[in-house]
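Peer 1: My questions all concern the structure below.
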Amino acid sequence: LAKTTQPISMDSYEGQEVNITCSHNNIATNDYITWYQQFPSQGPRFIIQGYKTKVTNEVASLFIPADRKSSTLSLPRVSLSDTAVYYCLSGLEQAGTALIFGKGTTLSVSS
Amino acid sequence: NAGVMQNPRHLVRRRGQEARLRCSPMKGHSHVYWYRQLPEEGLKFMVYLQKENIIDESGMPKERFSAEFPKEGPSILRIQQVVRGDSAAYFCASSLGTGTGELFFGEGSRLTVL
């Protein structure tokens with residue numbers, strides 16, 4: 001079973017900021033939070049990863065509160081090309097641990 | 001550095017035939033994961049392998065499905081006696097296995113069973 005819960009879908013318009021929240025109430029001490037993006041007919045690709053507080057890269061920001069029971073992926077000024085499925089994972093990619101994906105959040109961006 | 005390579009990208013089989021899907025991980029990666037994705041659904045974990053070892057196959061059906069990752073050559077996911085319900089996209093991912101949390105995915109192999 002996936003260890004995370006996220007909304008099934010979200011709608012937005014071009015230029016808006018989109019925040020997708022993920023719950024991971026049973027996150028383990030050593031687990032990281034990782035987000036992937038998947039376009040239709042393509043494999044998922046890594047977006048961002050964090051352990052606590054805030055992480056920012058050229059694509060997105062990831063906010064993780066102190067209790068680490070949830071996290072928020074923030075996409076600034078989305079465009080039509082950001083329409084995709086976004087997966088939140090908690091876990092640690094290492095020997096003996098399989099990373100389990102949930103159903104993800106389908107983000108639809110309209111003009 | 002080439003990414004994860006999967007082949008074939010598309011495969012058509014008739015019911016009862018065998019399907020073999022191949023995955024070459026990124027250079028230097030010794031961990032391989034296979035996932036299955038049905039239309040309009042999320043990724044379902046199937047099996048996790050390291051070189052010559054199956055680490056976790058809890059997501060793989062007990063019958064007709066098998067996976068290997070030999071010392072030399074690609075990882076292979078084998079589906080025997082395919083049925084229509086096996087029609088799906090099968091994604092392979094590889095990683096260093098050092099705890100970075102980042103999986104690198106291939107473009108997938110789309111199996112259609114007639």
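Following the order of the structure tokens, chains are lettered A, B, ..., residues in each are numbered from 1, and ligands are numbered from 1.
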Can you tell me which residues surround Gln80 in chain B at a distance of at most 6 Å, considering only C-alpha atoms, apart from same-chain residues fewer than 2 positions away, and format the answer as a PyMOL selection string?

Peer 2: chain B and resi 18+64+82

Peer 1: For those residues, write C-alpha atoms to a file as a short mmCIF file (atom, residue, chain, number, x, y, z; two decimals), in the first residue's frame.

Peer 2:
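selection09.cif, freshly written:
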```
data_model
loop_
_atom_site.label_atom_id
_atom_site.label_comp_id
_atom_site.auth_asym_id
_atom_site.auth_seq_id
_atom_site.Cartn_x
_atom_site.Cartn_y
_atom_site.Cartn_z
CA GLU B 18 4.79 -15.04 -24.12
CA ARG B 64 2.89 -16.41 -15.26
CA VAL B 82 -0.58 -13.59 -21.67
#
```

Peer 1: What residues in chain A lie within 12 Å of chain B, counting only C-alpha atoms, written as a PyMOL selection string?

Peer 2: chain A and resi 1-2+8+30-51+84-106

Peer 1: For range 61-76 of chain A, please output as a PyMOL selection string all residues within 6 Å (counting only C-alpha atoms; exclusion window: fewer than 4 positions along the same chain).

Peer 2: chain A and resi 17-25+52-56

Peer 1: Would you please give, as a PyMOL selection string, all residues of chain A that DSSP assigns to strand (DSSP E) based on the backbone?

Peer 2: chain A and resi 9-13+18-23+32-38+45-50+53-56+61-64+70-75+84-91+105-110

Peer 1: Within 9 Å of Ile79 in chain B, counting only C-alpha atoms, which residues qualify if same-chain residues fewer than 4 places away don't, as a short mmCIF file (atom, residue, chain, number, x, y, z; two decimals) with N, CA, C and O atoms, in the first residue's frame?

Peer 2:
```cif
data_model
loop_
_atom_site.label_atom_id
_atom_site.label_comp_id
_atom_site.auth_asym_id
_atom_site.auth_seq_id
_atom_site.Cartn_x
_atom_site.Cartn_y
_atom_site.Cartn_z
N GLN B 17 0.39 -16.33 -25.72
CA GLN B 17 1.80 -16.19 -26.10
C GLN B 17 2.60 -15.64 -24.93
O GLN B 17 2.06 -15.30 -23.88
N GLU B 18 3.91 -15.56 -25.15
CA GLU B 18 4.79 -15.04 -24.12
C GLU B 18 5.25 -13.63 -24.48
O GLU B 18 5.44 -13.31 -25.66
N ALA B 19 5.40 -12.80 -23.46
CA ALA B 19 5.94 -11.45 -23.67
C ALA B 19 7.21 -11.30 -22.86
O ALA B 19 7.27 -11.70 -21.69
N ARG B 20 8.23 -10.75 -23.50
CA ARG B 20 9.50 -10.48 -22.82
C ARG B 20 9.82 -9.01 -22.96
O ARG B 20 9.95 -8.50 -24.07
N LEU B 21 9.96 -8.37 -21.83
CA LEU B 21 10.27 -6.94 -21.82
C LEU B 21 11.66 -6.76 -21.23
O LEU B 21 11.98 -7.35 -20.19
N GLU B 63 1.72 -16.27 -10.55
CA GLU B 63 1.72 -17.13 -11.73
C GLU B 63 1.99 -16.31 -12.98
O GLU B 63 1.60 -15.15 -13.08
N ARG B 64 2.64 -16.90 -13.90
CA ARG B 64 2.89 -16.41 -15.26
C ARG B 64 3.92 -15.29 -15.33
O ARG B 64 4.43 -15.00 -16.41
N PHE B 65 4.20 -14.62 -14.24
CA PHE B 65 5.14 -13.50 -14.26
C PHE B 65 6.46 -13.90 -13.61
O PHE B 65 6.47 -14.56 -12.57
N SER B 66 7.55 -13.46 -14.21
CA SER B 66 8.85 -13.67 -13.61
C SER B 66 9.77 -12.53 -14.03
O SER B 66 9.54 -11.88 -15.05
N ALA B 67 10.80 -12.31 -13.23
CA ALA B 67 11.75 -11.23 -13.54
C ALA B 67 13.14 -11.68 -13.16
O ALA B 67 13.32 -12.49 -12.24
N ASP B 86 -3.41 -8.39 -19.12
CA ASP B 86 -2.00 -8.03 -19.00
C ASP B 86 -1.68 -6.80 -19.85
O ASP B 86 -0.57 -6.26 -19.73
#
```
